[in-house]
Structure formats: C-alpha cells, structure tokens
>>> print(open('protein.txt').read())   # compact mmCIF, C-alpha atoms
# COMPACT_ATOMS: atom_id res chain seq x y z
CA MET Q 1331 -28.03 86.06 39.64
CA GLY Q 1332 -25.41 87.97 37.71
CA VAL Q 1333 -22.69 85.65 38.93
CA LEU Q 1334 -24.59 82.59 37.65
CA TYR Q 1335 -23.94 83.67 34.10
CA PHE Q 1336 -20.21 83.22 34.53
CA LEU Q 1337 -20.33 79.81 36.21
CA PRO Q 1338 -19.60 76.75 34.10
CA GLU Q 1339 -22.37 74.20 33.60
CA SER Q 1340 -22.31 71.34 36.11
CA PRO Q 1341 -20.35 68.42 34.63
CA ARG Q 1342 -22.61 66.02 36.52
CA TRP Q 1343 -25.71 67.55 35.03
CA LEU Q 1344 -24.20 67.37 31.55
CA ALA Q 1345 -23.23 63.74 32.02
CA TYR Q 1346 -26.70 62.98 33.31
CA ASN Q 1347 -28.23 64.50 30.21
CA ASP Q 1348 -26.02 62.52 27.84
CA ARG Q 1349 -23.72 65.41 27.02
CA GLN Q 1350 -20.54 63.55 27.94
CA GLU Q 1351 -18.17 65.47 25.68
CA GLU Q 1352 -19.13 68.83 27.21
CA ALA Q 1353 -18.93 67.35 30.71
CA LEU Q 1354 -15.35 66.30 30.08
CA GLU Q 1355 -14.43 69.72 28.73
CA ILE Q 1356 -15.82 71.46 31.80
CA LEU Q 1357 -14.08 69.04 34.14
CA ALA Q 1358 -10.80 69.78 32.43
CA ARG Q 1359 -11.48 73.50 32.78
CA ILE Q 1360 -12.36 73.26 36.47
CA ASN Q 1361 -9.19 71.30 37.17
CA GLY Q 1362 -7.12 73.66 35.06
CA LYS Q 1363 -5.74 70.75 33.06
CA SER Q 1364 -6.17 69.21 29.64
CA LYS Q 1365 -8.83 66.65 28.76
CA ASP Q 1366 -6.23 63.89 28.53
CA ASP Q 1367 -4.97 64.48 32.04
CA ILE Q 1368 -5.19 61.37 34.22
CA ALA Q 1369 -6.86 63.15 37.13
CA VAL Q 1370 -9.53 64.59 34.83
CA GLN Q 1371 -10.08 61.22 33.19
CA VAL Q 1372 -10.54 59.43 36.51
CA GLN Q 1373 -12.97 62.05 37.81
CA TYR Q 1374 -14.88 61.88 34.57
CA ARG Q 1375 -15.13 58.11 34.70
CA GLU Q 1376 -16.32 58.20 38.31
CA ILE Q 1377 -19.04 60.66 37.42
CA VAL Q 1378 -20.27 58.77 34.39
CA GLU Q 1379 -20.32 55.46 36.22
CA SER Q 1380 -22.15 56.90 39.21
CA MET Q 1381 -24.67 58.49 36.88
CA GLU Q 1382 -25.31 55.23 35.06
CA TYR Q 1383 -25.70 53.48 38.37
CA GLU Q 1384 -28.10 56.08 39.68
CA LYS Q 1385 -30.14 56.07 36.51
CA ALA Q 1386 -30.42 52.30 36.69
CA GLU Q 1387 -31.31 52.42 40.37
CA GLY Q 1388 -34.17 54.83 39.83
CA ARG Q 1389 -34.20 58.57 40.38
CA SER Q 1390 -34.93 60.44 43.57
CA LEU Q 1391 -35.54 58.61 46.79
CA GLY Q 1392 -38.59 59.52 48.83
CA PHE Q 1393 -38.48 59.85 52.59
CA ARG Q 1394 -39.04 56.13 53.23
CA GLU Q 1395 -36.26 54.92 50.98
CA ALA Q 1396 -34.02 57.62 52.35
CA VAL Q 1397 -34.19 56.14 55.86
CA ARG Q 1398 -34.27 52.47 54.88
CA THR Q 1399 -30.58 51.73 54.53
CA LYS Q 1400 -27.92 52.42 57.10
CA PRO Q 1401 -25.61 54.53 54.91
CA ASN Q 1402 -28.53 56.68 53.87
CA ARG Q 1403 -29.65 57.16 57.47
CA LYS Q 1404 -26.16 58.33 58.34
CA ARG Q 1405 -26.15 60.77 55.41
CA LEU Q 1406 -29.50 62.14 56.48
CA LEU Q 1407 -28.46 62.40 60.11
CA LEU Q 1408 -25.41 64.46 59.18
CA ALA Q 1409 -27.43 66.68 56.85
CA LEU Q 1410 -30.07 67.26 59.51
CA SER Q 1411 -27.51 67.92 62.24
CA VAL Q 1412 -26.76 71.17 60.45
CA ALA Q 1413 -30.18 72.48 61.49
CA PRO Q 1414 -29.65 72.63 65.27
CA LEU Q 1415 -26.07 73.70 64.60
CA ALA Q 1416 -27.30 76.71 62.66
CA MET Q 1417 -30.33 77.61 64.75
CA LEU Q 1418 -29.73 76.48 68.33
CA THR Q 1419 -26.17 77.62 68.93
CA GLY Q 1420 -27.28 80.93 70.33
CA SER Q 1421 -27.01 83.37 67.46
CA ASN Q 1422 -30.80 83.65 67.44
CA ILE Q 1423 -30.96 84.66 71.06
CA ILE Q 1424 -28.18 87.14 70.74
CA THR Q 1425 -29.43 89.05 67.75
CA MET F 914 -30.46 91.24 73.99
CA LEU F 915 -28.84 94.67 73.89
CA THR F 916 -31.37 95.82 76.49
CA GLN F 917 -30.17 92.99 78.73
CA ALA F 918 -26.62 94.13 78.17
CA GLY F 919 -27.49 97.63 79.37
CA VAL F 920 -27.93 99.53 76.07
CA SER F 921 -31.40 101.00 76.15
CA ASP F 922 -31.17 103.86 73.62
CA PRO F 923 -32.90 102.67 70.40
CA HIS F 924 -30.59 104.73 68.20
CA THR F 925 -27.47 103.17 69.70
CA GLN F 926 -29.09 99.73 69.43
CA LEU F 927 -29.72 100.31 65.75
CA GLU F 928 -26.15 101.43 65.18
CA ILE F 929 -24.76 98.38 66.92
CA ASN F 930 -27.02 96.07 64.91
CA VAL F 931 -25.96 97.61 61.59
CA ILE F 932 -22.28 97.22 62.41
CA LEU F 933 -22.93 93.68 63.64
CA SER F 934 -24.46 92.68 60.31
CA VAL F 935 -21.48 94.02 58.39
CA TRP F 936 -19.10 92.26 60.75
CA GLN F 937 -20.96 88.98 60.28
CA LEU F 938 -20.81 89.36 56.51
CA VAL F 939 -17.05 89.85 56.60
CA CYS F 940 -16.53 86.85 58.86
CA ALA F 941 -18.81 84.64 56.76
CA ILE F 942 -16.92 85.52 53.58
CA ALA F 943 -13.59 84.83 55.25
CA GLY F 944 -14.88 81.49 56.53
CA SER F 945 -16.26 80.48 53.15
CA CYS F 946 -12.93 81.18 51.51
CA LEU F 947 -11.07 79.10 54.06
CA ALA F 948 -13.53 76.18 54.17
CA GLU F 949 -11.69 74.16 51.56
CA ARG F 950 -8.32 74.75 53.12
CA LEU F 951 -9.23 74.10 56.74
CA GLY F 952 -11.72 71.30 56.19
CA ARG F 953 -15.34 71.16 57.27
CA ARG F 954 -14.76 69.41 60.56
CA ILE F 955 -12.06 71.80 61.74
CA LEU F 956 -14.15 74.77 60.68
CA ALA F 957 -17.23 73.50 62.53
CA LEU F 958 -15.32 72.49 65.67
CA VAL F 959 -13.30 75.71 65.92
CA SER F 960 -16.28 77.89 65.17
CA LEU F 961 -18.64 76.13 67.57
CA GLY F 962 -15.98 75.81 70.26
CA THR F 963 -15.00 79.48 70.29
CA CYS F 964 -18.52 80.77 70.04
CA SER F 965 -19.55 78.59 72.99
CA ALA F 966 -16.66 79.94 75.04
CA PHE F 967 -17.75 83.50 74.24
CA PHE F 968 -21.29 82.52 75.12
CA TYR F 969 -20.25 81.57 78.66
CA LEU F 970 -18.35 84.85 78.92
CA LEU F 971 -21.43 86.68 77.76
CA ALA F 972 -23.51 84.95 80.43
CA GLY F 973 -21.06 86.05 83.09
CA LEU F 974 -20.85 89.64 81.88
CA THR F 975 -24.61 89.97 81.55
CA ALA F 976 -25.07 88.54 85.02
CA LYS F 977 -22.62 90.99 86.58
CA TYR F 978 -23.19 94.19 84.59
CA GLY F 979 -26.54 93.70 82.92
CA ALA F 980 -28.65 96.06 84.97
CA ALA F 981 -25.93 97.88 86.87
CA GLY F 982 -25.40 100.71 84.36
CA ASN F 983 -21.64 100.23 84.37
CA PRO F 984 -20.39 101.56 81.00
CA SER F 985 -17.21 99.44 80.98
CA GLY F 986 -19.28 96.35 81.68
CA THR F 987 -21.67 97.23 78.86
CA TYR F 988 -18.80 97.76 76.40
CA GLY F 989 -17.31 94.45 77.46
CA THR F 990 -20.62 92.70 76.89
CA ILE F 991 -21.01 94.21 73.45
CA SER F 992 -17.50 93.24 72.41
CA VAL F 993 -18.20 89.66 73.47
CA ILE F 994 -21.38 89.73 71.35
CA PHE F 995 -19.22 90.77 68.39
CA LEU F 996 -16.74 88.00 69.06
CA PHE F 997 -19.50 85.42 69.45
CA LEU F 998 -21.24 86.33 66.22
CA GLY F 999 -17.91 86.57 64.42
CA ALA F 1000 -17.00 83.03 65.45
CA TYR F 1001 -20.45 81.83 64.49
CA SER F 1002 -20.45 83.45 61.05
CA PHE F 1003 -16.93 82.32 60.32
CA GLY F 1004 -17.73 78.61 60.43
CA ILE F 1005 -21.36 77.80 60.92
CA THR F 1006 -22.84 80.20 58.37
CA PRO F 1007 -20.90 78.77 55.40
CA LEU F 1008 -21.37 75.19 56.61
CA THR F 1009 -25.14 75.60 56.74
CA ALA F 1010 -25.16 75.98 52.99
CA MET F 1011 -22.30 73.62 52.21
CA TYR F 1012 -22.37 70.51 54.29
CA ALA F 1013 -25.75 68.88 53.56
CA PRO F 1014 -25.48 68.77 49.76
CA GLU F 1015 -21.99 67.34 50.14
CA VAL F 1016 -22.90 64.43 52.38
CA LEU F 1017 -26.16 63.54 50.65
CA SER F 1018 -25.84 61.26 47.66
CA TYR F 1019 -27.33 62.36 44.37
CA ASN F 1020 -30.50 60.29 44.56
CA MET F 1021 -31.47 61.54 48.01
CA ARG F 1022 -30.23 65.11 47.77
CA ALA F 1023 -33.62 66.59 46.97
CA THR F 1024 -35.36 64.77 49.81
CA GLY F 1025 -32.51 65.43 52.20
CA ILE F 1026 -32.36 69.15 51.52
CA ALA F 1027 -36.13 69.40 51.89
CA LEU F 1028 -35.97 67.65 55.26
CA GLN F 1029 -33.08 69.86 56.30
CA GLY F 1030 -35.20 72.88 55.44
CA ILE F 1031 -38.00 71.58 57.62
CA ALA F 1032 -35.56 70.89 60.45
CA ILE F 1033 -34.04 74.38 60.24
CA LYS F 1034 -37.43 76.08 60.28
CA SER F 1035 -38.62 73.88 63.16
CA CYS F 1036 -35.58 74.81 65.22
CA GLY F 1037 -36.27 78.43 64.30
CA VAL F 1038 -39.83 78.17 65.57
CA LEU F 1039 -38.61 76.59 68.81
CA VAL F 1040 -36.13 79.42 69.34
CA THR F 1041 -38.60 82.17 68.53
CA ILE F 1042 -41.34 80.80 70.74
CA ALA F 1043 -39.45 79.32 73.68
CA PHE F 1044 -36.48 81.59 74.25
CA PRO F 1045 -38.29 84.84 75.06
CA TYR F 1046 -40.00 83.04 77.98
CA MET F 1047 -36.73 81.53 79.04
CA LEU F 1048 -34.97 84.91 78.92
CA SER F 1049 -37.65 86.67 80.90
CA ASP F 1050 -37.77 83.93 83.54
CA ILE F 1051 -34.17 82.91 84.07
CA GLY F 1052 -32.38 85.80 82.29
CA TRP F 1053 -28.65 85.29 81.72
CA LYS F 1054 -28.90 81.63 82.79
CA THR F 1055 -30.48 81.00 79.39
CA TYR F 1056 -27.04 81.62 77.90
CA VAL F 1057 -25.46 79.07 80.20
CA VAL F 1058 -28.07 76.47 79.24
CA ASN F 1059 -27.58 77.15 75.54
CA ALA F 1060 -23.79 77.20 75.72
CA SER F 1061 -23.85 73.87 77.55
CA TRP F 1062 -26.06 72.41 74.87
CA ASN F 1063 -23.42 73.50 72.37
CA ILE F 1064 -20.95 71.17 74.04
CA PHE F 1065 -23.17 68.23 73.07
CA MET F 1066 -23.31 69.52 69.51
CA TRP F 1067 -19.53 69.83 69.53
CA LEU F 1068 -19.09 66.21 70.65
CA PHE F 1069 -21.55 65.03 68.02
CA ILE F 1070 -19.60 66.77 65.28
CA PHE F 1071 -16.32 65.49 66.64
CA PHE F 1072 -17.41 61.86 66.61
CA LYS F 1073 -19.85 61.72 63.72
CA TRP F 1074 -19.06 64.26 61.01
CA VAL F 1075 -17.09 63.03 58.04
CA GLU F 1076 -14.52 65.22 56.33
CA THR F 1077 -15.53 66.20 52.81
CA LYS F 1078 -12.59 68.44 52.04
CA ASP F 1079 -10.49 67.57 48.96
CA ARG F 1080 -12.90 64.85 47.88
CA THR F 1081 -15.08 64.57 44.83
CA LEU F 1082 -18.78 63.88 45.39
CA GLU F 1083 -18.14 60.29 44.29
CA GLU F 1084 -15.41 59.83 46.86
CA ILE F 1085 -17.66 61.21 49.59
CA ASP F 1086 -20.25 58.65 48.55
CA GLY F 1087 -17.63 55.97 49.06
CA LEU F 1088 -17.19 57.06 52.70
CA PHE F 1089 -20.71 56.01 53.51
CA ASP F 1090 -20.94 52.73 51.67
CA ASP F 1091 -18.68 50.78 49.42
CA GLN F 1092 -21.52 49.35 47.39
CA LYS F 1093 -21.69 52.34 45.13
CA PRO F 1094 -19.51 52.28 42.07
CA GLU F 1095 -16.10 53.67 42.70
CA ALA F 1096 -13.43 53.86 40.13
CA GLY F 1097 -10.65 51.49 41.01
CA LEU F 1098 -8.47 54.43 41.96
CA ASN F 1099 -9.13 57.49 43.98
CA MET F 1100 -7.41 60.81 43.60
CA LYS F 1101 -4.94 60.17 46.41
CA THR F 1102 -3.51 56.94 45.04
CA LEU F 1103 -3.61 58.55 41.65
CA LYS F 1104 -1.26 61.30 42.71
CA ASP F 1105 1.16 58.66 43.96
CA ILE F 1106 1.28 56.76 40.72
CA GLU F 1107 1.26 59.88 38.62
CA GLY F 1108 4.78 60.53 39.80
CA VAL F 1109 5.84 57.03 38.80
CA GLY F 1110 4.35 57.54 35.38
CA VAL F 1111 1.40 55.40 34.38
CA ASP F 1112 0.05 55.69 30.88
CA VAL F 1113 -3.59 56.50 30.42
CA GLU F 1114 -4.34 53.30 28.48
CA GLU F 1115 -3.42 51.10 31.37
CA LEU F 1116 -5.28 53.30 33.78
CA SER F 1117 -8.47 53.13 31.82
CA LYS F 1118 -8.37 49.33 32.03
CA SER F 1119 -7.94 49.24 35.77
CA GLY F 1120 -10.41 52.08 36.23
CA THR F 1121 -13.27 50.21 34.65
CA LYS F 1122 -13.29 47.48 37.26
CA VAL F 1123 -16.50 48.49 38.93
CA SER F 1124 -18.68 46.56 41.27
CA HIS F 1125 -22.33 47.38 40.92
CA GLY F 1126 -23.67 46.21 44.23
CA GLU F 1127 -27.26 46.21 45.35
CA THR F 1128 -28.20 48.81 47.89
CA SER F 1129 -30.47 47.20 50.39
>>> encode(input="protein.txt", output="structure tokens")
Amino acid sequence: MGVLYFLPESPRWLAYNDRQEEALEILARINGKSKDDIAVQVQYREIVESMEYEKAEGRSLGFREAVRTKPNRKRLLLALSVAPLAMLTGSNIIT
Amino acid sequence: MLTQAGVSDPHTQLEINVILSVWQLVCAIAGSCLAERLGRRILALVSLGTCSAFFYLLAGLTAKYGAAGNPSGTYGTISVIFLFLGAYSFGITPLTAMYAPEVLSYNMRATGIALQGIAIKSCGVLVTIAFPYMLSDIGWKTYVVNASWNIFMWLFIFFKWVETKDRTLEEIDGLFDDQKPEAGLNMKTLKDIEGVGVDVEELSKSGTKVSHGETS
C-alpha cells in the first residue's frame, strides 16, 4: 500500500478519463524523455486511439463476447493457461 | 512431503519450511526483476523445464531413500526440493501475476482475470482433494505423473505463448488481431527511422492513418 503512493497514475486511465495532457506528461516521465520525443508521441497516439476505439466499441465484454471471436479466444486461452501452470506444476504437492 | 522424504521431526520440518519460504521469496524477486530482460516465454520455459527435471530427480530420490532412514539420501531429497521450488518461484510465480493482464485486451481484461481466478482456484481444489489420495496410493509415482504432465504444459507454452516483452499493450493487441487500431508505426520501426532523422510533423501525419475495423 505504501508503495502505491509513489507510483505514477496510469496514462491509459488518464487518457480514458479525458485527461490527455496529464497522460502525456506521465508517459514522458515513464520513458525518461521529453513530451516532444517521437517515441513518447507515438505511444501516446496509440493509447488515445485505442481508447477511442474501445469507448466506441462498448466497455467490458462479458463471458459470451469474450469467447465469440477467434483473437479473443486465443487471449483467453493464454490467460487461463497460467492457472494450471501455477497450480499443477507440483509446487502444491511439494509444500 | 517432508515425511515422505524421511524428515519426521516436526521441529526440523518447521525449520525447513521457514527457510523454504524465504528462499522462494528471494527467487521470485530475482525472477520478477529479470522478466523484462529475459522475456516471458524464456522465463516460463526455463523455469518449467528445470523444475520438471528436479521433479523427476525428486521422484527417484524419494523412491530410493524415502523410508530407508539414510541421512545422505534425506539431505539430497531436501536439496532437490529447494532447487525445485527455486526454479518454480523464479519464473512461474512472477508470470502468474504478469502474463494474463498483458495478453488480455482492455475490454476483456476484467472478465479474463475473473475467469483466470476461477481457473486457478479450481486447479487448487483439484490438487488439494486429489493429490493426497494419489500420494497415499502410489507414493513417489505421483511425482513422475505430475512431472510428465509438465512436459505437456511446456510444449503448450513453446507453441502457443506469445512474447510480450518490450511491447506496449497496444502492440500486444496487434499480435492477436490486426483489426484493432494500430498507429502506422511501431516502436521497432520507429527506432530505425529515428536514426535517420524524421521530424515530428511528418510522423504525426503518417501516424494518424488508422483503420477502424469491425471486430466480429
């Protein structure tokens, strides 16, 4: 909890909440560069465009939408594969 | 577990468990720090591979020295337990927290993490309920079964996992489908042209070419 205080705000969250200027500042800080830096600018643009797209597309997907398209199924499969990796590799038997 | 290895004194068991926890903490921290440098796939494959190898060793040692009361055998078994859990904590512990949020896109992250939680707990229930029976019935062979299962996991990761190292969340999204908006340039090509010297004005023009495709 104490550490949280020192972490910068998420640039994606800021962009999502229409606080673009702050988002850009934080991105520059995370990258250790200035706001005019090309790398920072490109990252910033990617974030803002993705956010606009996601806002237009609707917010969170429920379970059904999450398994409807192929890319999403693959994402979910990879995320879920972490579960047996963490629990069924043997560390639970050994300890 | 320690009883199977031949350590029956509760005090010694407690001592070993305390040291094990500390050891796992150290390995997990080291692994977390190296995750970005090594890459997620390498970390998972190395960690899973080595811990499976130690698992087979553990099966052999338990089979040979488990009940015999041979102190060298017992020490050997315990050291393999340390090595196994070290390998596990080094890669798999950090990846458990890291990998899912990285591969899930923003709009399905909440659902995906919730499902991952369910999956983790379900696997936990399976382990807690099934393995004690397995251990009491087939003993050390349980380890062989589990270590062999790990080989399947290893192959799955090798063929299916995508690398998320050095990529922004938007670039990771692009690995799964190209219908999502991507800026015309990614960071890699950017570094190439940066050396040549492109002015920001021009970049902003090319960067705004975005295709908003339908996801269906």
>>> closest_atom_pairs(input="protein.txt", of="chain Q", to="chain F", cutoff="9 Å", atoms="only C-alpha atoms", output="JSON lines")
{"residue": "Q:Asp1366", "atom": "CA", "partner": "F:Val1113", "partner_atom": "CA", "distance": 8.1}
{"residue": "Q:Asp1367", "atom": "CA", "partner": "F:Val1113", "partner_atom": "CA", "distance": 8.3}
{"residue": "Q:Ile1368", "atom": "CA", "partner": "F:Val1113", "partner_atom": "CA", "distance": 6.4}
{"residue": "Q:Ala1369", "atom": "CA", "partner": "F:Met1100", "partner_atom": "CA", "distance": 6.9}
{"residue": "Q:Gln1371", "atom": "CA", "partner": "F:Ser1117", "partner_atom": "CA", "distance": 8.4}
{"residue": "Q:Val1372", "atom": "CA", "partner": "F:Ala1096", "partner_atom": "CA", "distance": 7.2}
{"residue": "Q:Gln1373", "atom": "CA", "partner": "F:Thr1081", "partner_atom": "CA", "distance": 7.8}
{"residue": "Q:Arg1375", "atom": "CA", "partner": "F:Ala1096", "partner_atom": "CA", "distance": 7.1}
{"residue": "Q:Glu1376", "atom": "CA", "partner": "F:Ala1096", "partner_atom": "CA", "distance": 5.5}
{"residue": "Q:Ile1377", "atom": "CA", "partner": "F:Glu1083", "partner_atom": "CA", "distance": 6.9}
{"residue": "Q:Glu1379", "atom": "CA", "partner": "F:Pro1094", "partner_atom": "CA", "distance": 6.7}
{"residue": "Q:Ser1380", "atom": "CA", "partner": "F:Pro1094", "partner_atom": "CA", "distance": 6.0}
{"residue": "Q:Met1381", "atom": "CA", "partner": "F:Tyr1019", "partner_atom": "CA", "distance": 8.8}
{"residue": "Q:Tyr1383", "atom": "CA", "partner": "F:Pro1094", "partner_atom": "CA", "distance": 7.3}
{"residue": "Q:Glu1384", "atom": "CA", "partner": "F:Asn1020", "partner_atom": "CA", "distance": 6.9}
{"residue": "Q:Glu1387", "atom": "CA", "partner": "F:Thr1128", "partner_atom": "CA", "distance": 8.9}
{"residue": "Q:Gly1388", "atom": "CA", "partner": "F:Asn1020", "partner_atom": "CA", "distance": 8.1}
{"residue": "Q:Arg1389", "atom": "CA", "partner": "F:Asn1020", "partner_atom": "CA", "distance": 5.8}
{"residue": "Q:Ser1390", "atom": "CA", "partner": "F:Asn1020", "partner_atom": "CA", "distance": 4.5}
{"residue": "Q:Leu1391", "atom": "CA", "partner": "F:Met1021", "partner_atom": "CA", "distance": 5.2}
{"residue": "Q:Gly1392", "atom": "CA", "partner": "F:Thr1024", "partner_atom": "CA", "distance": 6.2}
{"residue": "Q:Phe1393", "atom": "CA", "partner": "F:Thr1024", "partner_atom": "CA", "distance": 6.5}
{"residue": "Q:Glu1395", "atom": "CA", "partner": "F:Met1021", "partner_atom": "CA", "distance": 8.7}
{"residue": "Q:Ala1396", "atom": "CA", "partner": "F:Met1021", "partner_atom": "CA", "distance": 6.4}
{"residue": "Q:Arg1398", "atom": "CA", "partner": "F:Ser1129", "partner_atom": "CA", "distance": 7.9}
{"residue": "Q:Thr1399", "atom": "CA", "partner": "F:Ser1129", "partner_atom": "CA", "distance": 6.1}
{"residue": "Q:Lys1400", "atom": "CA", "partner": "F:Phe1089", "partner_atom": "CA", "distance": 8.8}
{"residue": "Q:Pro1401", "atom": "CA", "partner": "F:Phe1089", "partner_atom": "CA", "distance": 5.3}
{"residue": "Q:Asn1402", "atom": "CA", "partner": "F:Phe1089", "partner_atom": "CA", "distance": 7.9}
{"residue": "Q:Lys1404", "atom": "CA", "partner": "F:Phe1089", "partner_atom": "CA", "distance": 7.6}
{"residue": "Q:Arg1405", "atom": "CA", "partner": "F:Leu1017", "partner_atom": "CA", "distance": 5.5}
{"residue": "Q:Leu1406", "atom": "CA", "partner": "F:Gly1025", "partner_atom": "CA", "distance": 6.2}
{"residue": "Q:Leu1408", "atom": "CA", "partner": "F:Trp1074", "partner_atom": "CA", "distance": 6.6}
{"residue": "Q:Ala1409", "atom": "CA", "partner": "F:Ala1013", "partner_atom": "CA", "distance": 4.3}
{"residue": "Q:Leu1410", "atom": "CA", "partner": "F:Gln1029", "partner_atom": "CA", "distance": 5.1}
{"residue": "Q:Ser1411", "atom": "CA", "partner": "F:Gln1029", "partner_atom": "CA", "distance": 8.4}
{"residue": "Q:Val1412", "atom": "CA", "partner": "F:Thr1009", "partner_atom": "CA", "distance": 6.0}
{"residue": "Q:Ala1413", "atom": "CA", "partner": "F:Ile1033", "partner_atom": "CA", "distance": 4.5}
{"residue": "Q:Pro1414", "atom": "CA", "partner": "F:Cys1036", "partner_atom": "CA", "distance": 6.3}
{"residue": "Q:Leu1415", "atom": "CA", "partner": "F:Met1066", "partner_atom": "CA", "distance": 7.0}
{"residue": "Q:Ala1416", "atom": "CA", "partner": "F:Ile1005", "partner_atom": "CA", "distance": 6.3}
{"residue": "Q:Met1417", "atom": "CA", "partner": "F:Cys1036", "partner_atom": "CA", "distance": 6.0}
{"residue": "Q:Leu1418", "atom": "CA", "partner": "F:Cys1036", "partner_atom": "CA", "distance": 6.8}
{"residue": "Q:Thr1419", "atom": "CA", "partner": "F:Asn1063", "partner_atom": "CA", "distance": 6.0}
{"residue": "Q:Gly1420", "atom": "CA", "partner": "F:Asn1059", "partner_atom": "CA", "distance": 6.4}
{"residue": "Q:Ser1421", "atom": "CA", "partner": "F:Leu998", "partner_atom": "CA", "distance": 6.6}
{"residue": "Q:Asn1422", "atom": "CA", "partner": "F:Val1040", "partner_atom": "CA", "distance": 7.1}
{"residue": "Q:Ile1423", "atom": "CA", "partner": "F:Phe1044", "partner_atom": "CA", "distance": 7.1}
{"residue": "Q:Ile1424", "atom": "CA", "partner": "F:Met914", "partner_atom": "CA", "distance": 5.7}
{"residue": "Q:Thr1425", "atom": "CA", "partner": "F:Met914", "partner_atom": "CA", "distance": 6.7}
>>> write_last_selection(input="protein.txt", atoms="C-alpha atoms", output="tab-separated table (two decimals), in the coordinates of the input")
chain	number	residue	atom	x	y	z
Q	1366	ASP	CA	-6.23	63.89	28.53
Q	1367	ASP	CA	-4.97	64.48	32.04
Q	1368	ILE	CA	-5.19	61.37	34.22
Q	1369	ALA	CA	-6.86	63.15	37.13
Q	1371	GLN	CA	-10.08	61.22	33.19
Q	1372	VAL	CA	-10.54	59.43	36.51
Q	1373	GLN	CA	-12.97	62.05	37.81
Q	1375	ARG	CA	-15.13	58.11	34.70
Q	1376	GLU	CA	-16.32	58.20	38.31
Q	1377	ILE	CA	-19.04	60.66	37.42
Q	1379	GLU	CA	-20.32	55.46	36.22
Q	1380	SER	CA	-22.15	56.90	39.21
Q	1381	MET	CA	-24.67	58.49	36.88
Q	1383	TYR	CA	-25.70	53.48	38.37
Q	1384	GLU	CA	-28.10	56.08	39.68
Q	1387	GLU	CA	-31.31	52.42	40.37
Q	1388	GLY	CA	-34.17	54.83	39.83
Q	1389	ARG	CA	-34.20	58.57	40.38
Q	1390	SER	CA	-34.93	60.44	43.57
Q	1391	LEU	CA	-35.54	58.61	46.79
Q	1392	GLY	CA	-38.59	59.52	48.83
Q	1393	PHE	CA	-38.48	59.85	52.59
Q	1395	GLU	CA	-36.26	54.92	50.98
Q	1396	ALA	CA	-34.02	57.62	52.35
Q	1398	ARG	CA	-34.27	52.47	54.88
Q	1399	THR	CA	-30.58	51.73	54.53
Q	1400	LYS	CA	-27.92	52.42	57.10
Q	1401	PRO	CA	-25.61	54.53	54.91
Q	1402	ASN	CA	-28.53	56.68	53.87
Q	1404	LYS	CA	-26.16	58.33	58.34
Q	1405	ARG	CA	-26.15	60.77	55.41
Q	1406	LEU	CA	-29.50	62.14	56.48
Q	1408	LEU	CA	-25.41	64.46	59.18
Q	1409	ALA	CA	-27.43	66.68	56.85
Q	1410	LEU	CA	-30.07	67.26	59.51
Q	1411	SER	CA	-27.51	67.92	62.24
Q	1412	VAL	CA	-26.76	71.17	60.45
Q	1413	ALA	CA	-30.18	72.48	61.49
Q	1414	PRO	CA	-29.65	72.63	65.27
Q	1415	LEU	CA	-26.07	73.70	64.60
Q	1416	ALA	CA	-27.30	76.71	62.66
Q	1417	MET	CA	-30.33	77.61	64.75
Q	1418	LEU	CA	-29.73	76.48	68.33
Q	1419	THR	CA	-26.17	77.62	68.93
Q	1420	GLY	CA	-27.28	80.93	70.33
Q	1421	SER	CA	-27.01	83.37	67.46
Q	1422	ASN	CA	-30.80	83.65	67.44
Q	1423	ILE	CA	-30.96	84.66	71.06
Q	1424	ILE	CA	-28.18	87.14	70.74
Q	1425	THR	CA	-29.43	89.05	67.75
>>> atom_distance(input="protein.txt", atom1="CA of Phe1336 (chain Q)", atom2="CA of Trp936 (chain F)")
27.8 Å
>>> residues_around(input="protein.txt", residues="region 1356-1358 of chain Q", least_positions_apart="4", cutoff="9 Å", atoms="only C-alpha atoms", output="list of chain:residue names")
Q:Pro1338, Q:Glu1339, Q:Ser1340, Q:Pro1341, Q:Glu1351, Q:Glu1352, Q:Gly1362, Q:Lys1363, Q:Ser1364, Q:Lys1365, Q:Asp1366, Q:Asp1367, Q:Val1370, Q:Gln1371, Q:Gln1373, Q:Tyr1374
>>> closest_residue(input="protein.txt", among="F:Gln937, F:Ser1049, F:Thr975, F:Ser960", to="Tyr988 (chain F)", atoms="all atoms listed in the file")
F:Thr975
>>> closest_residue(input="protein.txt", among="Q:Val1378, Q:Arg1394, Q:Leu1407, Q:Lys1385", to="Gln1350 (chain Q)", atoms="all atoms listed in the file")
Q:Val1378
>>> axis_aligned_box(input="protein.txt", around="region 1392-1399 of chain Q", padding_each_side="4 Å", output="AutoDock Vina command-line options")
--center_x -34.8 --center_y 55.8 --center_z 52.3 --size_x 16.5 --size_y 16.1 --size_z 15.0
>>> atom_distance(input="protein.txt", atom1="CA of Lys1054 (chain F)", atom2="CA of Val935 (chain F)")
28.4 Å
